[in-house]
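Listing of protein02.cif, mmCIF, C-alpha atoms
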```
data_work
#
loop_
_atom_site.label_atom_id
_atom_site.label_comp_id
_atom_site.auth_asym_id
_atom_site.auth_seq_id
_atom_site.Cartn_x
_atom_site.Cartn_y
_atom_site.Cartn_z
CA MET F 362 -21.32 -19.39 -4.89
CA CYS F 363 -22.03 -15.98 -3.35
CA LYS F 364 -20.85 -15.54 0.23
CA GLN F 365 -23.51 -14.82 2.81
CA GLN F 366 -22.80 -12.24 5.47
CA GLY F 367 -22.47 -13.67 8.96
CA GLU F 368 -21.22 -17.11 7.94
CA THR F 369 -19.94 -19.34 10.76
CA GLU F 370 -16.36 -19.79 11.89
CA SER F 371 -16.17 -23.09 9.99
CA ASP F 372 -16.78 -21.20 6.73
CA THR F 373 -13.75 -18.95 7.28
CA ASN F 374 -10.88 -19.85 4.93
CA GLY F 375 -7.43 -20.90 6.07
CA LEU F 376 -5.64 -17.65 5.31
CA VAL F 377 -8.22 -15.65 7.25
CA LYS F 378 -7.71 -17.99 10.21
CA PHE F 379 -3.93 -17.56 9.87
CA TRP F 380 -4.20 -13.78 10.23
CA SER F 381 -6.75 -14.18 12.99
CA ASN F 382 -4.45 -16.47 14.98
CA LEU F 383 -1.52 -14.14 14.37
CA TYR F 384 -3.46 -11.18 15.70
CA ASN F 385 -4.89 -13.02 18.70
CA LYS F 386 -1.43 -14.19 19.77
CA ALA F 387 0.19 -10.79 19.34
CA PRO F 388 0.59 -8.51 22.38
CA LYS F 389 -2.13 -5.88 22.77
CA LEU F 390 -1.41 -2.25 23.49
CA TYR F 391 -4.38 0.06 23.84
CA ILE F 392 -4.41 3.82 23.52
CA PRO F 393 -5.05 5.09 27.07
CA PHE F 394 -8.73 5.25 28.09
CA THR F 395 -9.83 3.45 24.90
CA GLN F 396 -10.20 -0.06 23.49
CA PHE F 397 -8.27 0.95 20.35
CA ASP F 398 -5.43 -1.54 20.01
CA ILE F 399 -2.17 -0.44 18.34
CA GLY F 400 -0.04 -3.40 19.42
CA PHE F 401 -0.09 -5.12 16.03
CA THR F 402 0.63 -1.77 14.36
CA ILE F 403 3.82 -1.30 16.40
CA LEU F 404 4.80 -4.94 15.86
CA GLY F 405 4.31 -4.48 12.11
CA THR F 406 6.38 -1.29 12.13
CA CYS F 407 9.24 -3.11 13.87
CA ILE F 408 9.19 -6.15 11.57
CA ILE F 409 9.00 -4.03 8.40
CA SER F 410 11.85 -1.86 9.68
CA ILE F 411 13.98 -4.98 10.16
CA ILE F 412 13.23 -6.05 6.57
CA ARG F 413 14.31 -2.60 5.41
CA LEU F 414 17.61 -2.77 7.31
CA MET F 415 18.27 -6.25 5.92
CA SER F 416 17.58 -4.96 2.43
CA GLU F 417 20.00 -2.08 2.90
CA TYR F 418 22.65 -4.52 4.12
CA CYS F 419 22.23 -6.71 1.04
CA TYR F 420 22.43 -3.80 -1.38
CA ILE F 421 25.55 -2.33 0.21
CA ASN F 422 27.46 -5.43 1.31
CA ILE F 423 26.41 -8.08 -1.21
CA LEU F 424 25.51 -6.18 -4.39
CA GLU F 425 28.10 -3.53 -3.43
CA PHE F 426 25.93 -0.58 -4.41
CA ASN F 427 27.19 2.86 -3.44
CA PRO F 428 25.90 3.57 0.11
CA ASN F 429 26.17 7.33 -0.41
CA THR F 430 23.61 7.69 -3.19
CA TYR F 431 19.89 8.06 -2.59
CA LYS F 432 19.33 5.53 -5.37
CA THR F 433 20.55 2.78 -3.03
CA VAL F 434 18.26 4.07 -0.28
CA GLU F 435 15.27 4.05 -2.64
CA SER F 436 16.12 0.59 -3.97
CA SER F 437 16.20 -0.94 -0.50
CA ALA F 438 12.95 0.85 0.33
CA ALA F 439 11.41 -0.64 -2.82
CA VAL F 440 12.30 -4.20 -1.79
CA THR F 441 10.65 -3.57 1.58
CA SER F 442 7.55 -2.12 -0.06
CA ILE F 443 7.21 -5.09 -2.41
CA THR F 444 7.48 -7.52 0.51
CA HIS F 445 4.78 -5.68 2.44
CA ALA F 446 2.49 -5.43 -0.61
CA ILE F 447 2.64 -9.14 -1.42
CA ILE F 448 1.95 -10.17 2.18
CA LEU F 449 -0.81 -7.61 2.57
CA CYS F 450 -2.57 -8.36 -0.72
CA THR F 451 -2.75 -12.10 -0.10
CA GLY F 452 -4.45 -11.42 3.23
CA LEU F 453 -6.74 -8.78 1.77
CA TRP F 454 -7.83 -11.10 -1.04
CA ALA F 455 -8.65 -13.84 1.48
CA CYS F 456 -10.79 -11.46 3.55
CA LEU F 457 -12.47 -9.75 0.59
CA THR F 458 -13.54 -13.08 -0.91
CA ASN F 459 -14.73 -14.45 2.44
CA GLN F 460 -17.63 -12.01 2.95
CA PRO F 461 -20.05 -10.20 0.60
CA TYR F 462 -18.56 -7.10 -1.00
CA ILE F 463 -20.65 -4.41 0.72
CA PRO F 464 -18.36 -1.39 1.26
CA SER F 465 -20.39 0.02 4.16
CA ALA F 466 -21.08 -3.28 5.93
CA LYS F 467 -20.71 -3.61 9.70
CA ILE F 468 -17.99 -5.95 10.87
CA GLU F 469 -19.91 -7.23 13.92
CA THR F 470 -22.05 -9.54 11.74
CA SER F 471 -18.95 -11.44 10.58
CA PRO F 472 -17.23 -14.37 12.36
CA LYS F 473 -14.83 -13.43 15.15
CA SER F 474 -11.89 -14.89 13.27
CA TYR F 475 -12.70 -12.70 10.28
CA GLN F 476 -12.91 -9.62 12.52
CA ALA F 477 -9.48 -10.37 14.00
CA ALA F 478 -7.96 -10.94 10.56
CA VAL F 479 -9.33 -7.63 9.27
CA THR F 480 -7.97 -5.80 12.30
CA ALA F 481 -4.57 -7.41 11.78
CA LEU F 482 -4.40 -6.33 8.13
CA LEU F 483 -5.56 -2.78 8.83
CA GLN F 484 -2.97 -2.49 11.59
CA LEU F 485 -0.23 -4.03 9.44
CA CYS F 486 -0.86 -1.44 6.74
CA THR F 487 -0.87 1.30 9.37
CA GLY F 488 2.44 -0.07 10.65
CA TYR F 489 3.89 0.19 7.16
CA MET F 490 2.83 3.84 6.93
CA MET F 491 4.53 4.53 10.27
CA TYR F 492 7.70 2.72 9.17
CA ASP F 493 7.79 4.61 5.87
CA ALA F 494 7.42 8.01 7.55
CA ILE F 495 10.21 7.18 10.02
CA PHE F 496 12.61 6.00 7.32
CA MET F 497 11.81 8.97 5.07
CA ALA F 498 12.99 11.22 7.86
CA ARG F 499 15.99 8.96 8.60
CA SER F 500 17.11 9.15 4.98
CA ASN F 501 17.03 12.95 5.03
CA ASN F 502 18.93 13.66 8.27
CA TRP F 503 15.74 13.33 10.34
CA SER F 504 13.76 15.87 8.39
CA PHE F 505 11.32 15.57 5.51
CA HIS F 506 12.30 16.40 1.94
CA PRO F 507 9.73 18.39 -0.10
CA ASP F 508 9.44 15.40 -2.47
CA ASP F 509 8.19 13.31 0.46
CA VAL F 510 5.21 15.56 1.26
CA PRO F 511 2.75 13.95 -1.23
CA PHE F 512 3.58 10.49 0.14
CA LEU F 513 3.17 11.66 3.73
CA ALA F 514 -0.20 13.19 2.84
CA HIS F 515 -1.23 9.87 1.30
CA HIS F 516 -0.17 8.06 4.46
CA VAL F 517 -2.16 10.41 6.69
CA VAL F 518 -5.31 9.97 4.59
CA THR F 519 -4.90 6.19 4.49
CA VAL F 520 -4.31 5.83 8.23
CA LEU F 521 -7.24 8.13 9.00
CA TYR F 522 -9.56 6.08 6.78
CA MET F 523 -8.45 2.72 8.17
CA SER F 524 -8.60 3.91 11.78
CA GLN F 525 -12.09 5.35 11.36
CA THR F 526 -13.41 2.06 9.99
CA ARG F 527 -12.05 0.33 13.09
CA VAL F 528 -13.60 2.86 15.45
CA LEU F 529 -16.97 2.78 13.68
CA GLY F 530 -16.99 -0.98 13.16
CA ALA F 531 -18.12 -0.41 9.57
CA GLY F 532 -16.61 0.44 6.19
CA HIS F 533 -13.72 -1.99 6.59
CA ILE F 534 -14.57 -3.67 3.29
CA SER F 535 -14.28 -0.37 1.44
CA ALA F 536 -10.91 0.23 3.10
CA MET F 537 -9.61 -3.25 2.24
CA GLY F 538 -10.86 -3.00 -1.33
CA LEU F 539 -9.06 0.30 -1.80
CA MET F 540 -5.94 -1.08 -0.14
CA PHE F 541 -5.96 -4.06 -2.51
CA THR F 542 -6.28 -2.05 -5.71
CA GLY F 543 -3.77 0.45 -4.38
CA GLU F 544 -1.19 -2.22 -3.54
CA CYS F 545 -1.71 -4.81 -6.29
CA THR F 546 0.48 -2.83 -8.71
CA ASN F 547 3.07 -2.11 -6.03
CA PRO F 548 5.43 -4.99 -6.99
CA PHE F 549 5.54 -3.74 -10.58
CA GLN F 550 5.96 -0.10 -9.57
CA ASN F 551 8.73 -0.78 -7.08
CA GLY F 552 10.24 -3.45 -9.32
CA HIS F 553 10.56 -0.69 -11.91
CA LEU F 554 12.23 1.55 -9.33
CA ILE F 555 14.71 -1.22 -8.52
CA THR F 556 15.66 -1.85 -12.14
CA LYS F 557 15.81 1.82 -13.22
CA PHE F 558 18.32 2.56 -10.45
CA GLY F 559 19.98 -0.82 -10.85
CA ILE F 560 21.02 -0.11 -14.43
CA GLN F 561 22.87 2.99 -13.18
CA LEU F 562 24.48 1.37 -10.14
CA ALA F 563 25.31 -2.14 -11.38
CA GLN F 564 27.86 -3.14 -14.00
CA ASP F 565 26.81 -3.23 -17.66
CA GLY F 566 25.05 -6.40 -18.74
CA SER F 567 23.63 -7.12 -15.28
CA LEU F 568 20.24 -8.71 -14.65
CA PHE F 569 18.90 -5.21 -14.00
CA HIS F 570 19.79 -4.24 -17.59
CA ILE F 571 18.14 -7.34 -19.03
CA LEU F 572 14.91 -7.03 -17.06
CA HIS F 573 14.42 -3.26 -17.05
CA PRO F 574 12.58 -2.81 -20.41
CA TYR F 575 10.11 -5.57 -19.56
CA VAL F 576 9.60 -4.38 -16.01
CA GLU F 577 8.99 -0.80 -17.15
CA LEU F 578 6.41 -1.88 -19.73
CA THR F 579 4.64 -4.21 -17.27
CA PHE F 580 4.51 -1.48 -14.64
CA ALA F 581 3.21 1.10 -17.14
CA VAL F 582 0.40 -1.14 -18.42
CA THR F 583 -0.76 -2.43 -15.03
CA TYR F 584 -0.61 0.92 -13.25
CA PHE F 585 -2.45 2.73 -16.04
CA PHE F 586 -5.16 0.08 -16.22
CA VAL F 587 -5.80 0.05 -12.46
CA ARG F 588 -5.63 3.83 -11.98
CA ALA F 589 -7.52 4.83 -15.13
CA PHE F 590 -10.24 2.16 -15.12
CA VAL F 591 -10.43 -0.12 -12.07
CA GLY F 592 -9.85 2.59 -9.48
CA PRO F 593 -12.46 5.11 -10.67
CA ILE F 594 -15.10 2.39 -11.10
CA GLN F 595 -14.36 1.02 -7.65
CA ILE F 596 -14.47 4.48 -6.04
CA ALA F 597 -17.70 5.35 -7.86
CA HIS F 598 -19.28 2.18 -6.44
CA ILE F 599 -18.03 2.97 -2.93
CA THR F 600 -19.37 6.51 -3.25
CA TYR F 601 -22.76 5.18 -4.28
CA ASP F 602 -22.82 2.63 -1.45
CA LEU F 603 -21.85 5.16 1.21
CA LEU F 604 -24.16 7.97 0.14
CA PHE F 605 -27.14 6.37 -1.55
CA THR F 606 -27.79 2.93 -0.07
CA GLU F 607 -29.62 2.00 3.10
CA SER F 608 -26.55 0.19 4.42
CA GLY F 609 -24.37 3.23 3.88
CA ARG F 610 -26.81 5.68 5.46
CA ASN F 611 -27.48 3.46 8.48
CA ASN F 612 -23.95 2.27 9.23
CA ILE F 613 -21.88 5.41 8.62
CA SER F 614 -22.80 9.02 9.32
CA LEU F 615 -23.20 11.35 6.37
CA LYS F 616 -20.35 13.58 7.53
CA VAL F 617 -17.92 10.67 7.71
CA SER F 618 -19.10 9.30 4.36
CA ILE F 619 -18.56 12.66 2.69
CA LEU F 620 -15.09 12.90 4.23
CA TRP F 621 -14.20 9.43 2.96
CA VAL F 622 -15.52 10.17 -0.51
CA ILE F 623 -13.45 13.36 -0.71
CA MET F 624 -10.32 11.54 0.46
CA ILE F 625 -10.56 8.59 -1.91
CA TRP F 626 -11.39 10.71 -4.95
CA GLY F 627 -8.54 13.01 -3.95
CA ILE F 628 -6.07 10.13 -4.00
CA ILE F 629 -7.15 8.80 -7.40
CA ILE F 630 -7.17 12.28 -8.93
CA GLY F 631 -3.81 13.01 -7.31
CA SER F 632 -2.32 10.01 -9.11
CA TYR F 633 -3.30 11.47 -12.52
CA PRO F 634 0.23 12.67 -13.47
CA TRP F 635 1.71 9.21 -12.83
CA THR F 636 -1.20 7.58 -14.67
CA MET F 637 -0.59 9.70 -17.76
CA GLU F 638 3.15 9.07 -17.55
CA CYS F 639 2.45 5.34 -17.54
CA LEU F 640 0.24 5.71 -20.60
CA GLU F 641 3.09 7.39 -22.46
CA MET F 642 5.54 4.68 -21.37
CA ALA F 643 3.12 1.96 -22.45
CA LYS F 644 2.82 3.54 -25.89
CA THR F 645 6.58 3.29 -26.47
CA GLY F 646 6.67 -0.43 -25.72
CA LEU F 647 10.13 -1.71 -24.78
CA GLN F 648 11.76 1.62 -25.57
CA VAL F 649 12.44 2.76 -22.00
CA LYS F 650 11.94 6.25 -20.62
CA TYR F 651 14.17 5.73 -17.60
CA GLY F 652 17.42 4.66 -19.22
CA VAL F 653 21.03 4.47 -18.07
CA ASP F 654 21.61 8.17 -18.67
CA PHE F 655 18.38 9.49 -17.14
CA ASP F 656 18.93 12.45 -14.81
CA TYR F 657 16.94 12.12 -11.57
CA GLY F 658 17.96 15.52 -10.20
CA PRO F 659 20.25 16.76 -7.43
CA ARG F 660 18.74 14.61 -4.68
CA TYR F 661 20.06 11.51 -6.44
CA GLU F 662 23.53 12.83 -7.16
CA LEU F 663 26.52 11.82 -5.03
#
```

Translate this structure into structure tokens?
Amino acid sequence: MCKQQGETESDTNGLVKFWSNLYNKAPKLYIPFTQFDIGFTILGTCIISIIRLMSEYCYINILEFNPNTYKTVESSAAVTSITHAIILCTGLWACLTNQPYIPSAKIETSPKSYQAAVTALLQLCTGYMMYDAIFMARSNNWSFHPDDVPFLAHHVVTVLYMSQTRVLGAGHISAMGLMFTGECTNPFQNGHLITKFGIQLAQDGSLFHILHPYVELTFAVTYFFVRAFVGPIQIAHITYDLLFTESGRNNISLKVSILWVIMIWGIIIGSYPWTMECLEMAKTGLQVKYGVDFDYGPRYEL
């Protein structure tokens, strides 16, 4: 049955209510002279940072990986990213299936619990971007490595998009839809990162060695499918909705819509090299590209 916009609180599903309650009980911290809350963002940054530190502890003290190689740093970051992605995507799916999929819709017509849940998820994702930027700098003696620049640019674009939807009170569905398709392959992508470094850091015959070929193939197939097919179709629909529908023209200014369209097409086009790499990996099946002897460059050397 198709969801109708503006359904009552009783029609809101349990997971949406969970995120709503979580947000409502969290402390609020507003940017001075505004009603723009960043309390849940900071809370999310702190919790995700704790998960990262726990992951680092496990890799170094339990798995006994070398603490002096960047491969261990990246592996612990990958565990953190997977945790965030799974939590975020379950919440996003609950919200996206609770209201009609109209990318430019206004949030004020939705139940209050839904509005709170959306705000929580947008702030959680923003908190992850903040955490990631902080730990990128931490891992490079409190400076940014040139390899980090594309990821930082992605974070800036994402935070700008999410924050603008909150300020405007519209476009949140487009943001959540993009977040979902962007993060749904994250567990496979970061799982691949964990196993490709694991086969170099763990002893021969470990679980990393057994799983790696299957993880690499799964990551290659899923990432290519989403980035080559799902993503462009989704972005084309969002572009149409923002620029050519009555809802888009009335709810979001043309200048903002054009900015958003440029940003989201920029991200999908920017992922082209990784998309093509995944296609090549998928073609080779279980014959891995990133094997035990793969050279990741000087940054990953001891």

message = I'd like the residues picked by the PyMOL selection byres ((chain F and resi 402-412) around 6) written out as a ChimeraX atom specification, using the chain letters and numbers from the file.
response = /F:399-401,413-415,484-485,488-489,492

task = With the file shown as input, list the residues that the PyMOL selection byres ((chain F and resi 553) around 10) selects, as a list in words.
result =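 Applied to this file, the PyMOL selection byres ((chain F and resi 553) around 10) selects Ser436, Ala439, Asn547, Pro548, Phe549, Gln550, Asn551, Gly552, Leu554, Ile555, Thr556, Lys557, Phe558, Gly559, Phe569, Leu572, His573, Pro574, Tyr575, Val576, Glu577, Leu578, Thr579, Phe580, Ala581 and Tyr651 of chain F.
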
task = Name the residues that the PyMOL selection byres ((chain F and resi 520-530) around 8) picks from the file above, as a ChimeraX atom specification, using the file's chain letters and numbers.
result = /F:397,467-469,480,483,487,490,516-519,531-533,536,613,621

Take the residues from that selection and write them out as a compact mmCIF listing (two decimals), in the frame of the given file, keeping C-alpha atoms.
```
# COMPACT_ATOMS: atom_id res chain seq x y z
CA PHE F 397 -8.27 0.95 20.35
CA LYS F 467 -20.71 -3.61 9.70
CA ILE F 468 -17.99 -5.95 10.87
CA GLU F 469 -19.91 -7.23 13.92
CA THR F 480 -7.97 -5.80 12.30
CA LEU F 483 -5.56 -2.78 8.83
CA THR F 487 -0.87 1.30 9.37
CA MET F 490 2.83 3.84 6.93
CA HIS F 516 -0.17 8.06 4.46
CA VAL F 517 -2.16 10.41 6.69
CA VAL F 518 -5.31 9.97 4.59
CA THR F 519 -4.90 6.19 4.49
CA ALA F 531 -18.12 -0.41 9.57
CA GLY F 532 -16.61 0.44 6.19
CA HIS F 533 -13.72 -1.99 6.59
CA ALA F 536 -10.91 0.23 3.10
CA ILE F 613 -21.88 5.41 8.62
CA TRP F 621 -14.20 9.43 2.96
```

ask   = If you count all atoms listed in the file, which residues fall within 12 Å of F:Trp635, apart from same-chain ones fewer than 5 positions away, as a list in words?
value = Gln550, Phe580, Ala581, Val582, Tyr584, Phe585, Phe586, Val587, Arg588, Ala589, Ile628, Ile629, Ile630, Leu640, Glu641 and Met642 of chain F

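Our summary of the geometry notes that atom CA of F:Ala478 is positioned 14.6 Å from atom CA of F:Gly538.
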
query = What separation in Å, quoted to one decimal, exists between atom CA of F:Ile421 and atom CA of F:Phe505?
reply =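 Distance reported for this atom pair: 23.5 Å.
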
request  = Grab the atom CA of F:Asn385 to atom CA of F:Ser465 distance for me, in Å with one decimal place.
outcome  =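 Spanning atom CA of F:Asn385 to atom CA of F:Ser465 is a straight-line distance of 24.9 Å.
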
request  = Skip F:Ala438 itself and residues of its chain fewer than 3 positions away, then list as a list of chain:residue names all residues within 9 Å of it, counting all atoms listed in the file.
outcome  = F:Arg413, F:Ser416, F:Glu417, F:Thr433, F:Val434, F:Glu435, F:Thr441, F:Ser442, F:Ile443, F:Asp493, F:Phe496, F:Asn551

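Here the question is which of F:Tyr391, F:Asn429, F:Ile423, F:Leu539 gets nearest to F:Ser500 using only C-alpha atoms, and that residue is F:Asn429.
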
query = With all atoms listed in the file as the atoms that count, which of F:Val653, F:Ile625, F:Ala494, F:Ala446 lies nearest to F:Gln561?
reply =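 Once distances to F:Gln561 are computed over all atoms listed in the file, the minimum belongs to F:Val653.
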
inquiry  = What's around F:Ala563 at 9 Å? Count only C-alpha atoms, leave out sequence neighbours fewer than 6 positions away in its own chain, and write the answer as a ChimeraX atom specification.
reply    = /F:424-426,569-570

Non-local contacts of F:Gly658 (12 Å; all atoms listed in the file; under 5 positions in same chain excluded) as a PDB file with C-alpha atoms, keeping the file's coordinate frame:
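Full text of around_30.pdb as output:
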```pdb
ATOM      1  CA  THR F 430      23.610   7.690  -3.190  1.00  0.00           C
ATOM      2  CA  TYR F 431      19.890   8.060  -2.590  1.00  0.00           C
ATOM      3  CA  LYS F 432      19.330   5.530  -5.370  1.00  0.00           C
ATOM      4  CA  ASP F 508       9.440  15.400  -2.470  1.00  0.00           C
ATOM      5  CA  LEU F 663      26.520  11.820  -5.030  1.00  0.00           C
TER       6      LEU F 663
END
```

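Shortest atom-to-atom contact with F:Ser381 among F:Phe512, F:Tyr420, F:Trp503, F:Tyr475: F:Tyr475, counting all atoms listed in the file.
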
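Candidate residues F:Tyr384, F:Leu562, F:Pro464, F:Glu638 were compared for distance to F:Leu604, and the nearest is F:Pro464, using all atoms listed in the file.
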
message = Considering all atoms listed in the file, can you say which of F:Asn374, F:Asn427, F:Ser474, F:Ser535 comes closest to F:Tyr462?
response = F:Ser535

Complete stretch 480-490 of chain F at the level of all heavy atoms, written as an mmCIF file, in the frame of the given file.
```cif
data_model
loop_
_atom_site.group_PDB
_atom_site.id
_atom_site.type_symbol
_atom_site.label_atom_id
_atom_site.label_comp_id
_atom_site.auth_asym_id
_atom_site.auth_seq_id
_atom_site.Cartn_x
_atom_site.Cartn_y
_atom_site.Cartn_z
ATOM 1 N N THR F 480 -8.688 -6.712 11.417
ATOM 2 C CA THR F 480 -7.970 -5.800 12.300
ATOM 3 C C THR F 480 -6.464 -5.936 12.119
ATOM 4 O O THR F 480 -5.736 -4.938 12.086
ATOM 5 C CB THR F 480 -8.338 -6.078 13.777
ATOM 6 O OG1 THR F 480 -9.755 -5.943 13.936
ATOM 7 C CG2 THR F 480 -7.634 -5.110 14.711
ATOM 8 N N ALA F 481 -5.994 -7.172 11.981
ATOM 9 C CA ALA F 481 -4.570 -7.410 11.780
ATOM 10 C C ALA F 481 -4.076 -6.742 10.501
ATOM 11 O O ALA F 481 -3.028 -6.085 10.488
ATOM 12 C CB ALA F 481 -4.293 -8.904 11.728
ATOM 13 N N LEU F 482 -4.823 -6.885 9.420
ATOM 14 C CA LEU F 482 -4.400 -6.330 8.130
ATOM 15 C C LEU F 482 -4.442 -4.805 8.134
ATOM 16 O O LEU F 482 -3.550 -4.147 7.594
ATOM 17 C CB LEU F 482 -5.287 -6.891 7.015
ATOM 18 C CG LEU F 482 -5.113 -8.390 6.757
ATOM 19 C CD1 LEU F 482 -6.217 -8.923 5.857
ATOM 20 C CD2 LEU F 482 -3.742 -8.678 6.140
ATOM 21 N N LEU F 483 -5.480 -4.242 8.750
ATOM 22 C CA LEU F 483 -5.560 -2.780 8.830
ATOM 23 C C LEU F 483 -4.405 -2.236 9.684
ATOM 24 O O LEU F 483 -3.811 -1.201 9.355
ATOM 25 C CB LEU F 483 -6.900 -2.359 9.429
ATOM 26 C CG LEU F 483 -8.142 -2.647 8.578
ATOM 27 C CD1 LEU F 483 -9.403 -2.276 9.346
ATOM 28 C CD2 LEU F 483 -8.092 -1.898 7.257
ATOM 29 N N GLN F 484 -4.078 -2.943 10.753
ATOM 30 C CA GLN F 484 -2.970 -2.490 11.590
ATOM 31 C C GLN F 484 -1.622 -2.707 10.910
ATOM 32 O O GLN F 484 -0.703 -1.882 11.065
ATOM 33 C CB GLN F 484 -2.995 -3.224 12.948
ATOM 34 C CG GLN F 484 -4.098 -2.764 13.869
ATOM 35 C CD GLN F 484 -3.761 -3.028 15.326
ATOM 36 O OE1 GLN F 484 -2.682 -2.677 15.796
ATOM 37 N NE2 GLN F 484 -4.678 -3.649 16.045
ATOM 38 N N LEU F 485 -1.479 -3.797 10.164
ATOM 39 C CA LEU F 485 -0.230 -4.030 9.440
ATOM 40 C C LEU F 485 0.032 -2.903 8.445
ATOM 41 O O LEU F 485 1.153 -2.384 8.350
ATOM 42 C CB LEU F 485 -0.288 -5.368 8.698
ATOM 43 C CG LEU F 485 0.929 -5.671 7.804
ATOM 44 C CD1 LEU F 485 2.196 -5.828 8.643
ATOM 45 C CD2 LEU F 485 0.682 -6.929 6.968
ATOM 46 N N CYS F 486 -1.004 -2.518 7.714
ATOM 47 C CA CYS F 486 -0.860 -1.440 6.740
ATOM 48 C C CYS F 486 -0.535 -0.115 7.443
ATOM 49 O O CYS F 486 0.293 0.669 6.973
ATOM 50 C CB CYS F 486 -2.131 -1.306 5.911
ATOM 51 S SG CYS F 486 -1.961 -0.198 4.490
ATOM 52 N N THR F 487 -1.170 0.108 8.587
ATOM 53 C CA THR F 487 -0.870 1.300 9.370
ATOM 54 C C THR F 487 0.584 1.268 9.839
ATOM 55 O O THR F 487 1.282 2.294 9.820
ATOM 56 C CB THR F 487 -1.805 1.401 10.590
ATOM 57 O OG1 THR F 487 -3.165 1.423 10.140
ATOM 58 C CG2 THR F 487 -1.528 2.654 11.403
ATOM 59 N N GLY F 488 1.046 0.087 10.238
ATOM 60 C CA GLY F 488 2.440 -0.070 10.650
ATOM 61 C C GLY F 488 3.402 0.251 9.530
ATOM 62 O O GLY F 488 4.465 0.844 9.759
ATOM 63 N N TYR F 489 3.032 -0.145 8.304
ATOM 64 C CA TYR F 489 3.890 0.190 7.160
ATOM 65 C C TYR F 489 3.963 1.702 6.955
ATOM 66 O O TYR F 489 5.041 2.243 6.675
ATOM 67 C CB TYR F 489 3.366 -0.469 5.872
ATOM 68 C CG TYR F 489 4.161 -0.031 4.661
ATOM 69 C CD1 TYR F 489 5.367 -0.653 4.362
ATOM 70 C CD2 TYR F 489 3.730 1.021 3.855
ATOM 71 C CE1 TYR F 489 6.125 -0.242 3.271
ATOM 72 C CE2 TYR F 489 4.485 1.446 2.771
ATOM 73 C CZ TYR F 489 5.681 0.810 2.492
ATOM 74 O OH TYR F 489 6.437 1.239 1.419
ATOM 75 N N MET F 490 2.835 2.388 7.090
ATOM 76 C CA MET F 490 2.830 3.840 6.930
ATOM 77 C C MET F 490 3.726 4.505 7.976
ATOM 78 O O MET F 490 4.453 5.459 7.677
ATOM 79 C CB MET F 490 1.403 4.384 7.044
ATOM 80 C CG MET F 490 0.404 3.806 6.056
ATOM 81 S SD MET F 490 0.852 4.143 4.343
ATOM 82 C CE MET F 490 -0.364 3.156 3.474
#
```
